Each structure stands twice: as structure tokens, then as C-alpha cells.
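> Please find data32.txt (compact mmCIF, N, CA and C atoms) on the next line:
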# COMPACT_ATOMS: atom_id res chain seq x y z
N MET A 1 6.33 -131.24 93.69
CA MET A 1 7.32 -131.72 92.75
C MET A 1 6.79 -131.54 91.32
N MET A 2 7.66 -131.19 90.44
CA MET A 2 7.29 -130.95 89.04
C MET A 2 6.94 -132.26 88.35
N GLN A 3 5.86 -132.26 87.61
CA GLN A 3 5.46 -133.41 86.81
C GLN A 3 5.98 -133.21 85.39
N PHE A 4 6.70 -134.20 84.89
CA PHE A 4 7.24 -134.12 83.54
C PHE A 4 6.39 -134.95 82.59
N MET A 5 6.44 -134.61 81.32
CA MET A 5 5.60 -135.27 80.32
C MET A 5 6.27 -136.54 79.78
N THR A 6 5.47 -137.57 79.62
CA THR A 6 5.93 -138.80 79.00
C THR A 6 5.86 -138.63 77.48
N ASP A 7 6.46 -139.56 76.76
CA ASP A 7 6.37 -139.52 75.29
C ASP A 7 4.93 -139.61 74.82
N GLU A 8 4.13 -140.41 75.51
CA GLU A 8 2.72 -140.56 75.14
C GLU A 8 1.96 -139.24 75.30
N ALA A 9 2.22 -138.52 76.39
CA ALA A 9 1.56 -137.24 76.61
C ALA A 9 2.00 -136.21 75.58
N ILE A 10 3.29 -136.23 75.24
CA ILE A 10 3.79 -135.31 74.22
C ILE A 10 3.14 -135.63 72.88
N GLN A 11 3.02 -136.91 72.56
CA GLN A 11 2.40 -137.35 71.30
C GLN A 11 0.96 -136.86 71.18
N LEU A 12 0.23 -136.86 72.28
CA LEU A 12 -1.16 -136.40 72.26
C LEU A 12 -1.25 -134.90 71.99
N GLU A 13 -0.34 -134.13 72.58
CA GLU A 13 -0.38 -132.68 72.44
C GLU A 13 0.25 -132.17 71.14
N ALA A 14 1.34 -132.81 70.72
CA ALA A 14 2.07 -132.35 69.54
C ALA A 14 2.67 -133.52 68.79
N PRO A 15 1.89 -134.18 67.94
CA PRO A 15 2.42 -135.32 67.19
C PRO A 15 3.60 -134.96 66.29
N SER A 16 3.73 -133.70 65.93
CA SER A 16 4.82 -133.29 65.05
C SER A 16 6.19 -133.42 65.70
N VAL A 17 6.25 -133.54 67.02
CA VAL A 17 7.54 -133.74 67.70
C VAL A 17 8.18 -135.05 67.24
N PHE A 18 7.35 -136.03 66.88
CA PHE A 18 7.86 -137.36 66.53
C PHE A 18 7.91 -137.60 65.02
N ALA A 19 7.86 -136.53 64.24
CA ALA A 19 7.97 -136.67 62.78
C ALA A 19 9.36 -137.21 62.43
N GLU A 20 9.40 -138.12 61.47
CA GLU A 20 10.67 -138.74 61.06
C GLU A 20 11.25 -138.12 59.79
N ALA A 21 10.45 -137.34 59.09
CA ALA A 21 10.89 -136.73 57.84
C ALA A 21 10.15 -135.41 57.65
N PRO A 22 10.69 -134.53 56.82
CA PRO A 22 10.01 -133.25 56.60
C PRO A 22 8.74 -133.41 55.77
N ASP A 23 7.94 -132.38 55.79
CA ASP A 23 6.75 -132.30 54.96
C ASP A 23 7.17 -132.38 53.49
N ALA A 24 6.38 -133.02 52.68
CA ALA A 24 6.71 -133.21 51.26
C ALA A 24 6.78 -131.89 50.49
N GLN A 25 6.18 -130.84 51.01
CA GLN A 25 6.17 -129.55 50.32
C GLN A 25 7.45 -128.75 50.52
N ARG A 26 8.35 -129.19 51.34
CA ARG A 26 9.60 -128.46 51.61
C ARG A 26 10.56 -128.60 50.44
N SER A 27 11.36 -127.57 50.24
CA SER A 27 12.34 -127.60 49.15
C SER A 27 13.52 -128.47 49.55
N ASP A 28 14.38 -128.75 48.60
CA ASP A 28 15.55 -129.58 48.89
C ASP A 28 16.60 -128.80 49.70
N ARG A 29 16.44 -127.50 49.84
CA ARG A 29 17.34 -126.71 50.68
C ARG A 29 16.95 -126.78 52.16
N TYR A 30 15.76 -127.25 52.45
CA TYR A 30 15.28 -127.34 53.83
C TYR A 30 16.05 -128.41 54.59
N VAL A 31 16.47 -128.09 55.80
CA VAL A 31 17.20 -129.04 56.64
C VAL A 31 16.26 -129.51 57.74
N PHE A 32 15.96 -130.78 57.75
CA PHE A 32 15.07 -131.36 58.76
C PHE A 32 15.84 -131.63 60.04
N VAL A 33 15.31 -131.18 61.16
CA VAL A 33 15.90 -131.43 62.48
C VAL A 33 14.87 -132.20 63.29
N SER A 34 15.24 -133.38 63.74
CA SER A 34 14.31 -134.23 64.48
C SER A 34 14.14 -133.73 65.91
N SER A 35 12.92 -133.34 66.25
CA SER A 35 12.64 -132.90 67.62
C SER A 35 12.77 -134.06 68.59
N ARG A 36 12.46 -135.25 68.13
CA ARG A 36 12.59 -136.43 69.00
C ARG A 36 14.05 -136.62 69.45
N LYS A 37 14.99 -136.43 68.52
CA LYS A 37 16.40 -136.56 68.88
C LYS A 37 16.81 -135.47 69.87
N ILE A 38 16.26 -134.29 69.72
CA ILE A 38 16.55 -133.20 70.66
C ILE A 38 16.01 -133.54 72.04
N VAL A 39 14.78 -134.05 72.10
CA VAL A 39 14.20 -134.45 73.39
C VAL A 39 15.04 -135.54 74.04
N ASP A 40 15.45 -136.53 73.27
CA ASP A 40 16.28 -137.62 73.81
C ASP A 40 17.61 -137.09 74.33
N SER A 41 18.23 -136.18 73.59
CA SER A 41 19.51 -135.61 74.01
C SER A 41 19.35 -134.77 75.28
N MET A 42 18.28 -134.01 75.35
CA MET A 42 18.03 -133.21 76.55
C MET A 42 17.80 -134.11 77.76
N ARG A 43 17.07 -135.20 77.57
CA ARG A 43 16.85 -136.14 78.68
C ARG A 43 18.16 -136.77 79.14
N ASP A 44 19.02 -137.09 78.20
CA ASP A 44 20.33 -137.66 78.55
C ASP A 44 21.16 -136.69 79.39
N ASN A 45 20.88 -135.40 79.28
CA ASN A 45 21.64 -134.38 79.99
C ASN A 45 20.89 -133.81 81.20
N GLY A 46 19.84 -134.49 81.65
CA GLY A 46 19.17 -134.10 82.87
C GLY A 46 17.99 -133.16 82.74
N TRP A 47 17.48 -133.00 81.53
CA TRP A 47 16.35 -132.11 81.30
C TRP A 47 15.14 -132.92 80.85
N GLU A 48 13.95 -132.50 81.25
CA GLU A 48 12.71 -133.18 80.88
C GLU A 48 11.74 -132.16 80.30
N VAL A 49 10.79 -132.66 79.51
CA VAL A 49 9.75 -131.80 78.94
C VAL A 49 8.70 -131.55 80.02
N SER A 50 8.45 -130.28 80.30
CA SER A 50 7.44 -129.94 81.30
C SER A 50 6.16 -129.42 80.65
N ARG A 51 6.27 -128.94 79.41
CA ARG A 51 5.09 -128.42 78.72
C ARG A 51 5.34 -128.44 77.22
N VAL A 52 4.29 -128.65 76.47
CA VAL A 52 4.39 -128.63 75.01
C VAL A 52 3.19 -127.85 74.48
N ARG A 53 3.41 -127.12 73.40
CA ARG A 53 2.34 -126.31 72.82
C ARG A 53 2.43 -126.36 71.31
N THR A 54 1.27 -126.44 70.68
CA THR A 54 1.17 -126.39 69.23
C THR A 54 0.15 -125.33 68.87
N PRO A 55 0.51 -124.37 68.03
CA PRO A 55 -0.48 -123.36 67.64
C PRO A 55 -1.59 -123.98 66.80
N ARG A 56 -2.76 -123.43 66.93
CA ARG A 56 -3.91 -123.91 66.15
C ARG A 56 -3.93 -123.17 64.81
N VAL A 57 -3.63 -123.92 63.76
CA VAL A 57 -3.64 -123.34 62.41
C VAL A 57 -4.50 -124.21 61.51
N ARG A 58 -5.01 -123.61 60.45
CA ARG A 58 -5.90 -124.35 59.55
C ARG A 58 -5.16 -125.11 58.47
N VAL A 59 -3.99 -124.64 58.07
CA VAL A 59 -3.33 -125.17 56.89
C VAL A 59 -2.42 -126.37 57.20
N ALA A 60 -1.66 -126.30 58.24
CA ALA A 60 -0.64 -127.32 58.52
C ALA A 60 -1.27 -128.64 58.96
N SER A 61 -0.59 -129.74 58.63
CA SER A 61 -1.04 -131.05 59.10
C SER A 61 -0.53 -131.27 60.51
N ALA A 62 -1.18 -132.14 61.26
CA ALA A 62 -0.78 -132.40 62.64
C ALA A 62 0.61 -133.03 62.71
N GLU A 63 0.99 -133.76 61.67
CA GLU A 63 2.29 -134.44 61.65
C GLU A 63 3.44 -133.49 61.32
N HIS A 64 3.14 -132.35 60.72
CA HIS A 64 4.20 -131.43 60.29
C HIS A 64 3.80 -129.99 60.60
N CYS A 65 3.71 -129.66 61.85
CA CYS A 65 3.39 -128.28 62.20
C CYS A 65 4.34 -127.78 63.29
N ARG A 66 4.32 -126.52 63.49
CA ARG A 66 5.20 -125.88 64.47
C ARG A 66 4.82 -126.34 65.88
N HIS A 67 5.81 -126.45 66.74
CA HIS A 67 5.56 -126.82 68.13
C HIS A 67 6.60 -126.19 69.04
N GLU A 68 6.25 -126.07 70.28
CA GLU A 68 7.14 -125.47 71.28
C GLU A 68 7.25 -126.42 72.46
N LEU A 69 8.48 -126.72 72.85
CA LEU A 69 8.74 -127.58 74.00
C LEU A 69 9.40 -126.76 75.09
N VAL A 70 8.94 -126.93 76.32
CA VAL A 70 9.54 -126.25 77.47
C VAL A 70 10.21 -127.32 78.31
N PHE A 71 11.50 -127.13 78.58
CA PHE A 71 12.28 -128.09 79.35
C PHE A 71 12.57 -127.53 80.74
N ARG A 72 12.62 -128.44 81.71
CA ARG A 72 13.03 -128.10 83.08
C ARG A 72 14.06 -129.13 83.52
N ASN A 73 15.00 -128.68 84.32
CA ASN A 73 16.00 -129.59 84.85
C ASN A 73 15.35 -130.50 85.88
N ARG A 74 15.57 -131.80 85.75
CA ARG A 74 14.88 -132.73 86.65
C ARG A 74 15.42 -132.69 88.07
N ASP A 75 16.61 -132.12 88.28
CA ASP A 75 17.19 -132.05 89.61
C ASP A 75 16.82 -130.78 90.37
N THR A 76 16.16 -129.85 89.71
CA THR A 76 15.81 -128.59 90.34
C THR A 76 14.51 -128.74 91.13
N ASN A 77 14.54 -128.32 92.37
CA ASN A 77 13.34 -128.34 93.19
C ASN A 77 12.52 -127.11 92.86
N LEU A 78 11.36 -127.30 92.31
CA LEU A 78 10.53 -126.18 91.90
C LEU A 78 9.35 -125.95 92.84
N ALA A 79 9.46 -126.44 94.06
CA ALA A 79 8.41 -126.20 95.04
C ALA A 79 8.70 -124.86 95.70
N PHE A 80 7.76 -123.94 95.58
CA PHE A 80 7.94 -122.61 96.13
C PHE A 80 7.06 -122.44 97.36
N GLU A 81 7.59 -121.75 98.34
CA GLU A 81 6.82 -121.47 99.54
C GLU A 81 6.54 -119.98 99.59
N ASP A 82 5.33 -119.64 100.02
CA ASP A 82 4.94 -118.24 100.17
C ASP A 82 5.56 -117.71 101.46
N PRO A 83 6.45 -116.70 101.38
CA PRO A 83 7.10 -116.20 102.59
C PRO A 83 6.14 -115.50 103.54
N ARG A 84 4.95 -115.16 103.07
CA ARG A 84 3.98 -114.48 103.93
C ARG A 84 3.24 -115.44 104.84
N ILE A 85 3.29 -116.74 104.52
CA ILE A 85 2.60 -117.73 105.32
C ILE A 85 3.59 -118.34 106.30
N PRO A 86 3.33 -118.22 107.61
CA PRO A 86 4.28 -118.77 108.58
C PRO A 86 4.28 -120.30 108.54
N THR A 87 5.45 -120.87 108.75
CA THR A 87 5.55 -122.32 108.84
C THR A 87 5.20 -122.74 110.26
N TYR A 88 5.08 -124.01 110.50
CA TYR A 88 4.66 -124.52 111.80
C TYR A 88 5.57 -124.04 112.93
N GLY A 89 6.87 -124.03 112.72
CA GLY A 89 7.82 -123.61 113.75
C GLY A 89 7.78 -122.12 114.04
N ASP A 90 7.32 -121.32 113.07
CA ASP A 90 7.28 -119.86 113.24
C ASP A 90 5.98 -119.37 113.87
N TYR A 91 5.01 -120.24 114.00
CA TYR A 91 3.69 -119.82 114.47
C TYR A 91 3.71 -119.53 115.96
N LYS A 92 3.19 -118.37 116.34
CA LYS A 92 3.09 -117.99 117.75
C LYS A 92 1.64 -117.70 118.07
N ALA A 93 1.13 -118.35 119.08
CA ALA A 93 -0.27 -118.18 119.47
C ALA A 93 -0.50 -116.91 120.25
What would you get if you wrote out this structure as C-alpha cells?


Amino acid sequence: MMQFMTDEAIQLEAPSVFAEAPDAQRSDRYVFVSSRKIVDSMRDNGWEVSRVRTPRVRVASAEHCRHELVFRNRDTNLAFEDPRIPTYGDYKA
């Protein structure tokens, strides 16, 4: 079964997901989009965060840097079986 990430686990990997406002260096034309609201909306529609990634950069702060979230549908069975391995019922001695 797929393990999904909690808010605490996401916070450890990418604190910028929970930023409430844009970086102070952004211009007034910049439109801030809350990743937290996107995560909440996706969860409301049956999707969960399965992986998060933040690139390692020297300049950006941890609170305001690029991040990538990977979502998986919580109702999808992601257990795969190798067709080359016989199951118990298929085994012939």
C-alpha cells in the first residue's frame, strides 16, 4: 500500500510549501499562490502527497524556494505483482 506524506513530513522536506506570503524581493506584479491551499484542495478531492522535492540552491531561503509535489490518488491500488513470479495457486511441483 502506498504511504502518503503527513503535513509534518512535508514541512521537514519543503518548508516553502507552507509559506503564507511571498518573498519580500518579489515585485508587486507577482501573484502569490499558496501551495498549502493547493494541497488541501487536492486532499479534499481524493489526492494525497506521495513525494516532495526541493532543489538544493545557495541563494534562496528555505521558506521561499521552489518545490515539487507529487500527488497520488488515495483510492488507487499501487501494489504491483511481477507476472514472472507464480502465485501460490499457479505453482506446480

> What is the atom C of Pro55 (chain A)-atom C of Asp28 (chain A) distance in Å, reported with one decimal?

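That distance, rounded to one decimal, is 25.4 Å.
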
> Any idea what the distance is between CA of Val31 (chain A) and CA of Asn73 (chain A)?

28.2 Å

> Can you tell me how far CA of Asp7 (chain A) sits from CA of Ala24 (chain A), in Å to one decimal?

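Taking CA of Asp7 (chain A) as the start and CA of Ala24 (chain A) as the end point, the length is 24.8 Å.
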
> Considering only C-alpha atoms, can you say which of A:Asp75, A:Asp44, A:Glu63, A:Glu68 comes closest to Ala19 (chain A)?

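Under the stated criterion, the closest residue is A:Glu63.
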
> Enumerate, as number ranges by chain, the complete set of residues in region 4-74 of chain A that a backbone-based DSSP assignment places in helix (DSSP H, G or I).

A: 7-13, 15-18, 35-44

> Report as a ChimeraX atom specification all protein, DNA and RNA residues lying within 9 Å of Leu69 (chain A), evaluated on only C-alpha atoms, omitting residues in the same chain fewer than 5 positions from it.

/A:17,39,49-53

> Which one is closest to Thr76 (chain A): A:Lys37, A:Thr54, A:Ala9, A:Met2? Count all atoms listed in the file.

A:Met2

> Let me know the centre plus edge lengths, in Å and rounded to one decimal, of a box with edges along x, y and z that contains all listed atoms of region 20-39 of chain A and is padded by 5 Å on every side, as lines of an AutoDock Vina configuration file.


center_x = 11.8
center_y = -132.7
center_z = 61.3
size_x = 21.2
size_y = 22.0
size_z = 35.4
